[in-house]
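S.K.: So that we are looking at the same thing, I have put the structure below in structure tokens.
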Amino acid sequence: MTGGRWNPGLSSAEQRLIEQQRKIRTPMDGPHSVVISSMKGGVGKTTVSALLGLFLAEGRGERVVAVDANPDAGTLGDRLVGETEAAQLTVRKLLKNLDQVRSFSDLSRYVHLVDRLQVVTSEQEPEESEAFSQRDYEAVLDVLSRFAQVLLTDSGTGITHSAMQGGLSRCDSLVIVGSLTQDAANRASRTLDWLAARRWRPLAENAVVVLSQDRSSSFIDEHRILEHFQSRCRAVLTLPADPHLQAGGQIDRDALRPATRDAAMEIAATVAEGFYGCPTSLGRPAGERRSGVAW
């Protein structure tokens, strides 16, 4: 309107996006393992895992891999690559051919590619899925860490399961997912209690908590729930209700509401901000792996 004589500068939304992108590109000292966990099902853990993977992979410009380590036929593959395709190429096939993976080209034969995100889907047969042990998980993680910089693990709800124990022992950053309801918030808080009472207190204190806003009620004191978690961990974020995500189908970023895209960007930015200066446990000899204390 002024013919270029007056430049109002960047809008607050543009400045926020630039800052989020800067944080997502936070440098790190080596392959970084992020575990997404919850003690309660149905709170959006897999949704958060998928969104975190998609936005980190898009923003970092390096290899990001998401692994479905749910022992109960997880749905990360369904949300990212579709149910039919996810079942055709699972972690079990990768496990059977680990000794043949000597390059990223070899690895690409056993993972799915969604935009820039590499995805390792869980076995859908209940017997095979349940057999996914800590040893299996760590073997997969060791191979992936040779070719990828960020490794995300969508864990099951059973925090004492063998694979989950492996995830925690190799975890550099932890994301706890819950929702703004009394029962789900209580389970998320109990997850932090369980970790803090054991050798993973530093992981709990530096965790990022993501709370879904899928359900709302006049009986829910959202401010009190948020305040509780803000006193216990590094950051607390919310994920707005979104019809596209609530449908439970394959995620299309273009179908997300603007507020949901912004929230997903903020989650990715907050998690990535914790990469800087964090000594990684991946690639260390077994006797030197993280045991819940800072290096």
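Labels for the structure tokens follow display order: chains A, B, ..., residues from 1 in each chain, ligands from 1.
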Any idea what's packed within 12 Å of Thr84 of chain A, counting only C-alpha atoms, ignoring anything in its chain fewer than 5 positions away? Could you give it as a ChimeraX atom specification?

M.R.: /A:75,77-79,89-90,121,124,250

S.K.: Please tabulate, as CSV, the residues of segment 76-189 of chain A that come within 9 Å of segment 35-49 of chain A, each with its closest pair of atoms and the distance in Å to one decimal, counting only C-alpha atoms and ordering rows by chain, then residue number upward.

M.R.:
residue,atom,partner,partner_atom,distance
A:Leu76,CA,A:Thr46,CA,5.8
A:Arg79,CA,A:Thr47,CA,7.5
A:Leu151,CA,A:Val35,CA,8.4
A:Leu152,CA,A:Val35,CA,5.9
A:Thr153,CA,A:Val35,CA,4.8
A:Asp154,CA,A:Ile36,CA,5.2
A:Ser155,CA,A:Ser37,CA,5.5
A:Gly156,CA,A:Ser37,CA,6.9
A:Thr157,CA,A:Met39,CA,4.7
A:Gly158,CA,A:Met39,CA,6.4
A:Ile159,CA,A:Met39,CA,6.6
A:Met164,CA,A:Ser37,CA,8.8
A:Gly167,CA,A:Val35,CA,6.6
A:Leu168,CA,A:Val35,CA,7.3
A:Arg170,CA,A:Val35,CA,8.9
A:Cys171,CA,A:Val35,CA,6.2
A:Asp172,CA,A:Val35,CA,7.9
A:Ser173,CA,A:Val35,CA,6.4
A:Leu174,CA,A:Val35,CA,5.0
A:Val175,CA,A:Ile36,CA,4.7
A:Ile176,CA,A:Ser37,CA,5.1
A:Val177,CA,A:Ser38,CA,5.4
A:Gly178,CA,A:Val43,CA,5.4
A:Ser179,CA,A:Val43,CA,5.8
A:Asp183,CA,A:Lys40,CA,8.8
A:Ala184,CA,A:Lys40,CA,6.6
A:Arg187,CA,A:Met39,CA,5.9
A:Ala188,CA,A:Ser38,CA,6.3

S.K.: Leaving out Leu113 of chain A and any residue of its chain fewer than 5 positions from it, which residues lie within 10 Å of it when counting only C-alpha atoms, given as a ChimeraX atom specification?

M.R.: /A:65,80-81,108,118-120

S.K.: Out of segment 30-78 of chain A, which residues get alpha helix (DSSP H) from DSSP, as number ranges by chain?

M.R.: A: 45-60, 76-78

S.K.: Can you pull out the residues contacting Gln230 of chain A? Cut-off 12 Å, using only C-alpha atoms, and skip same-chain residues under 4 positions away; I want them as a PDB file with N, CA, C and O atoms, in the first residue's frame.

M.R.:
ATOM      1  N   SER A 189       1.140 -38.231  35.903  1.00  0.00           N
ATOM      2  CA  SER A 189       1.863 -37.870  37.124  1.00  0.00           C
ATOM      3  C   SER A 189       2.471 -39.102  37.776  1.00  0.00           C
ATOM      4  O   SER A 189       3.604 -39.080  38.269  1.00  0.00           O
ATOM      5  N   GLU A 205      12.757 -35.291  35.615  1.00  0.00           N
ATOM      6  CA  GLU A 205      12.877 -33.860  35.863  1.00  0.00           C
ATOM      7  C   GLU A 205      13.067 -33.062  34.581  1.00  0.00           C
ATOM      8  O   GLU A 205      12.682 -31.891  34.507  1.00  0.00           O
ATOM      9  N   ASN A 206      13.654 -33.689  33.555  1.00  0.00           N
ATOM     10  CA  ASN A 206      13.892 -32.997  32.281  1.00  0.00           C
ATOM     11  C   ASN A 206      12.881 -33.385  31.206  1.00  0.00           C
ATOM     12  O   ASN A 206      13.066 -33.057  30.040  1.00  0.00           O
ATOM     13  N   ALA A 207      11.818 -34.064  31.619  1.00  0.00           N
ATOM     14  CA  ALA A 207      10.818 -34.525  30.652  1.00  0.00           C
ATOM     15  C   ALA A 207       9.996 -33.360  30.104  1.00  0.00           C
ATOM     16  O   ALA A 207       9.850 -32.313  30.732  1.00  0.00           O
ATOM     17  N   VAL A 208       9.435 -33.595  28.919  1.00  0.00           N
ATOM     18  CA  VAL A 208       8.442 -32.697  28.335  1.00  0.00           C
ATOM     19  C   VAL A 208       7.097 -33.412  28.440  1.00  0.00           C
ATOM     20  O   VAL A 208       6.956 -34.544  27.972  1.00  0.00           O
ATOM     21  N   VAL A 209       6.127 -32.791  29.067  1.00  0.00           N
ATOM     22  CA  VAL A 209       4.790 -33.361  29.199  1.00  0.00           C
ATOM     23  C   VAL A 209       3.870 -32.725  28.164  1.00  0.00           C
ATOM     24  O   VAL A 209       3.813 -31.494  28.048  1.00  0.00           O
ATOM     25  N   VAL A 210       3.172 -33.564  27.397  1.00  0.00           N
ATOM     26  CA  VAL A 210       2.212 -33.089  26.397  1.00  0.00           C
ATOM     27  C   VAL A 210       0.829 -33.581  26.798  1.00  0.00           C
ATOM     28  O   VAL A 210       0.608 -34.779  26.968  1.00  0.00           O
ATOM     29  N   LEU A 211      -0.108 -32.657  26.943  1.00  0.00           N
ATOM     30  CA  LEU A 211      -1.462 -32.975  27.383  1.00  0.00           C
ATOM     31  C   LEU A 211      -2.458 -32.675  26.260  1.00  0.00           C
ATOM     32  O   LEU A 211      -2.505 -31.561  25.744  1.00  0.00           O
ATOM     33  N   HIS A 223      -6.125 -25.290  34.581  1.00  0.00           N
ATOM     34  CA  HIS A 223      -5.019 -24.488  35.122  1.00  0.00           C
ATOM     35  C   HIS A 223      -4.302 -25.247  36.239  1.00  0.00           C
ATOM     36  O   HIS A 223      -3.062 -25.244  36.312  1.00  0.00           O
ATOM     37  N   ARG A 224      -5.066 -25.916  37.094  1.00  0.00           N
ATOM     38  CA  ARG A 224      -4.452 -26.658  38.195  1.00  0.00           C
ATOM     39  C   ARG A 224      -3.617 -27.827  37.681  1.00  0.00           C
ATOM     40  O   ARG A 224      -2.534 -28.102  38.203  1.00  0.00           O
ATOM     41  N   ILE A 225      -4.121 -28.517  36.645  1.00  0.00           N
ATOM     42  CA  ILE A 225      -3.373 -29.631  36.067  1.00  0.00           C
ATOM     43  C   ILE A 225      -2.067 -29.144  35.457  1.00  0.00           C
ATOM     44  O   ILE A 225      -0.991 -29.723  35.684  1.00  0.00           O
ATOM     45  N   LEU A 226      -2.138 -28.061  34.677  1.00  0.00           N
ATOM     46  CA  LEU A 226      -0.933 -27.515  34.046  1.00  0.00           C
ATOM     47  C   LEU A 226       0.070 -27.050  35.097  1.00  0.00           C
ATOM     48  O   LEU A 226       1.276 -27.280  34.981  1.00  0.00           O
ATOM     49  N   ARG A 234      10.540 -30.200  32.776  1.00  0.00           N
ATOM     50  CA  ARG A 234      11.143 -29.089  32.022  1.00  0.00           C
ATOM     51  C   ARG A 234      10.106 -28.233  31.313  1.00  0.00           C
ATOM     52  O   ARG A 234      10.224 -27.011  31.248  1.00  0.00           O
ATOM     53  N   ALA A 235       9.089 -28.852  30.740  1.00  0.00           N
ATOM     54  CA  ALA A 235       8.100 -28.090  29.979  1.00  0.00           C
ATOM     55  C   ALA A 235       6.785 -28.841  29.928  1.00  0.00           C
ATOM     56  O   ALA A 235       6.753 -30.071  29.968  1.00  0.00           O
ATOM     57  N   VAL A 236       5.684 -28.095  29.851  1.00  0.00           N
ATOM     58  CA  VAL A 236       4.343 -28.660  29.714  1.00  0.00           C
ATOM     59  C   VAL A 236       3.665 -27.973  28.541  1.00  0.00           C
ATOM     60  O   VAL A 236       3.604 -26.747  28.481  1.00  0.00           O
ATOM     61  N   LEU A 237       3.169 -28.780  27.593  1.00  0.00           N
ATOM     62  CA  LEU A 237       2.527 -28.249  26.393  1.00  0.00           C
ATOM     63  C   LEU A 237       1.176 -28.920  26.199  1.00  0.00           C
ATOM     64  O   LEU A 237       0.921 -29.997  26.750  1.00  0.00           O
TER      65      LEU A 237
END

S.K.: Taking the chain letters and numbering used in this document, name the residues of segment 21-204 of chain A that DSSP puts in strand (DSSP E or B), as a ChimeraX atom specification.

M.R.: /A:32-37,64-69,90,112-114,117-121,150-155,173-179

S.K.: Got time to write the residues from that selection, N, CA, C and O atoms, as a compact mmCIF listing (two decimals), in the first residue's frame?

M.R.:
# COMPACT_ATOMS: atom_id res chain seq x y z
N HIS A 32 20.59 -39.05 19.08
CA HIS A 32 19.80 -38.71 20.27
C HIS A 32 18.53 -39.54 20.30
O HIS A 32 17.78 -39.59 19.33
N SER A 33 18.28 -40.20 21.42
CA SER A 33 17.12 -41.06 21.58
C SER A 33 16.03 -40.36 22.38
O SER A 33 16.26 -39.91 23.50
N VAL A 34 14.84 -40.28 21.80
CA VAL A 34 13.68 -39.68 22.45
C VAL A 34 12.62 -40.76 22.65
O VAL A 34 12.21 -41.40 21.69
N VAL A 35 12.19 -40.97 23.89
CA VAL A 35 11.16 -41.97 24.19
C VAL A 35 9.86 -41.25 24.52
O VAL A 35 9.84 -40.33 25.35
N ILE A 36 8.77 -41.65 23.85
CA ILE A 36 7.44 -41.09 24.11
C ILE A 36 6.65 -42.15 24.86
O ILE A 36 6.48 -43.27 24.36
N SER A 37 6.18 -41.81 26.05
CA SER A 37 5.59 -42.82 26.92
C SER A 37 4.33 -42.32 27.62
O SER A 37 4.08 -41.12 27.71
N VAL A 64 15.75 -38.74 10.63
CA VAL A 64 14.97 -38.94 11.85
C VAL A 64 14.19 -40.24 11.66
O VAL A 64 13.55 -40.44 10.63
N VAL A 65 14.26 -41.13 12.65
CA VAL A 65 13.59 -42.42 12.58
C VAL A 65 12.62 -42.55 13.75
O VAL A 65 12.97 -42.25 14.89
N ALA A 66 11.41 -43.00 13.45
CA ALA A 66 10.42 -43.29 14.49
C ALA A 66 10.21 -44.79 14.56
O ALA A 66 9.93 -45.43 13.54
N VAL A 67 10.35 -45.36 15.76
CA VAL A 67 10.22 -46.80 15.97
C VAL A 67 9.00 -47.09 16.82
O VAL A 67 8.83 -46.51 17.90
N ASP A 68 8.15 -47.99 16.35
CA ASP A 68 7.01 -48.43 17.14
C ASP A 68 7.45 -49.61 17.99
O ASP A 68 7.62 -50.71 17.49
N ALA A 69 7.64 -49.37 19.30
CA ALA A 69 8.07 -50.42 20.21
C ALA A 69 6.94 -50.91 21.09
O ALA A 69 7.17 -51.50 22.15
N THR A 90 7.66 -54.84 8.72
CA THR A 90 7.67 -54.54 10.14
C THR A 90 9.06 -54.71 10.74
O THR A 90 10.01 -55.14 10.07
N HIS A 112 9.91 -47.64 6.34
CA HIS A 112 8.99 -46.88 5.51
C HIS A 112 9.43 -45.43 5.49
O HIS A 112 9.98 -44.91 6.47
N LEU A 113 9.19 -44.73 4.40
CA LEU A 113 9.51 -43.32 4.28
C LEU A 113 8.22 -42.52 4.16
O LEU A 113 7.43 -42.74 3.25
N VAL A 114 8.02 -41.60 5.10
CA VAL A 114 6.85 -40.72 5.08
C VAL A 114 7.36 -39.28 5.09
O VAL A 114 7.91 -38.82 6.09
N LEU A 117 10.51 -38.54 7.10
CA LEU A 117 10.61 -39.38 8.29
C LEU A 117 10.73 -40.86 7.94
O LEU A 117 9.95 -41.37 7.13
N GLN A 118 11.70 -41.54 8.54
CA GLN A 118 11.84 -42.98 8.41
C GLN A 118 11.01 -43.64 9.52
O GLN A 118 11.07 -43.20 10.68
N VAL A 119 10.27 -44.69 9.18
CA VAL A 119 9.37 -45.31 10.15
C VAL A 119 9.60 -46.82 10.21
O VAL A 119 9.60 -47.49 9.18
N VAL A 120 9.80 -47.33 11.42
CA VAL A 120 9.89 -48.77 11.67
C VAL A 120 8.61 -49.18 12.38
O VAL A 120 8.38 -48.78 13.52
N THR A 121 7.76 -49.95 11.70
CA THR A 121 6.46 -50.30 12.26
C THR A 121 6.55 -51.56 13.12
O THR A 121 7.44 -52.38 12.96
N VAL A 150 18.32 -38.60 14.95
CA VAL A 150 17.28 -38.57 15.97
C VAL A 150 16.47 -39.85 15.89
O VAL A 150 16.00 -40.21 14.81
N LEU A 151 16.32 -40.54 17.01
CA LEU A 151 15.56 -41.79 17.05
C LEU A 151 14.43 -41.64 18.06
O LEU A 151 14.66 -41.43 19.25
N LEU A 152 13.21 -41.72 17.56
CA LEU A 152 12.02 -41.60 18.40
C LEU A 152 11.45 -42.99 18.67
O LEU A 152 11.33 -43.80 17.75
N THR A 153 11.08 -43.26 19.90
CA THR A 153 10.47 -44.54 20.25
C THR A 153 9.07 -44.31 20.78
O THR A 153 8.89 -43.66 21.82
N ASP A 154 8.07 -44.83 20.06
CA ASP A 154 6.69 -44.82 20.53
C ASP A 154 6.51 -46.09 21.35
O ASP A 154 6.37 -47.19 20.82
N SER A 155 6.56 -45.95 22.68
CA SER A 155 6.53 -47.12 23.55
C SER A 155 5.10 -47.54 23.85
O SER A 155 4.14 -46.83 23.54
N SER A 173 16.08 -38.14 25.96
CA SER A 173 14.99 -37.19 26.22
C SER A 173 13.69 -37.97 26.35
O SER A 173 13.44 -38.91 25.59
N LEU A 174 12.86 -37.55 27.30
CA LEU A 174 11.62 -38.25 27.57
C LEU A 174 10.42 -37.33 27.36
O LEU A 174 10.43 -36.18 27.80
N VAL A 175 9.40 -37.86 26.66
CA VAL A 175 8.14 -37.15 26.47
C VAL A 175 7.04 -37.98 27.12
O VAL A 175 6.86 -39.16 26.77
N ILE A 176 6.31 -37.40 28.07
CA ILE A 176 5.20 -38.06 28.73
C ILE A 176 3.90 -37.48 28.18
O ILE A 176 3.72 -36.26 28.17
N VAL A 177 3.01 -38.35 27.74
CA VAL A 177 1.76 -37.90 27.13
C VAL A 177 0.58 -38.22 28.04
O VAL A 177 0.49 -39.32 28.60
N GLY A 178 -0.31 -37.26 28.20
CA GLY A 178 -1.52 -37.44 28.97
C GLY A 178 -2.62 -36.59 28.37
O GLY A 178 -2.53 -36.16 27.21
N SER A 179 -3.64 -36.32 29.11
CA SER A 179 -4.69 -35.41 28.63
C SER A 179 -5.21 -34.61 29.80
O SER A 179 -4.94 -34.92 30.97

S.K.: What lies within 8 Å of Arg215 of chain A using only C-alpha atoms, ignoring chain neighbours under 6 positions off, as JSON, numbers by chain?

M.R.: {"A": [179, 180, 181, 241]}
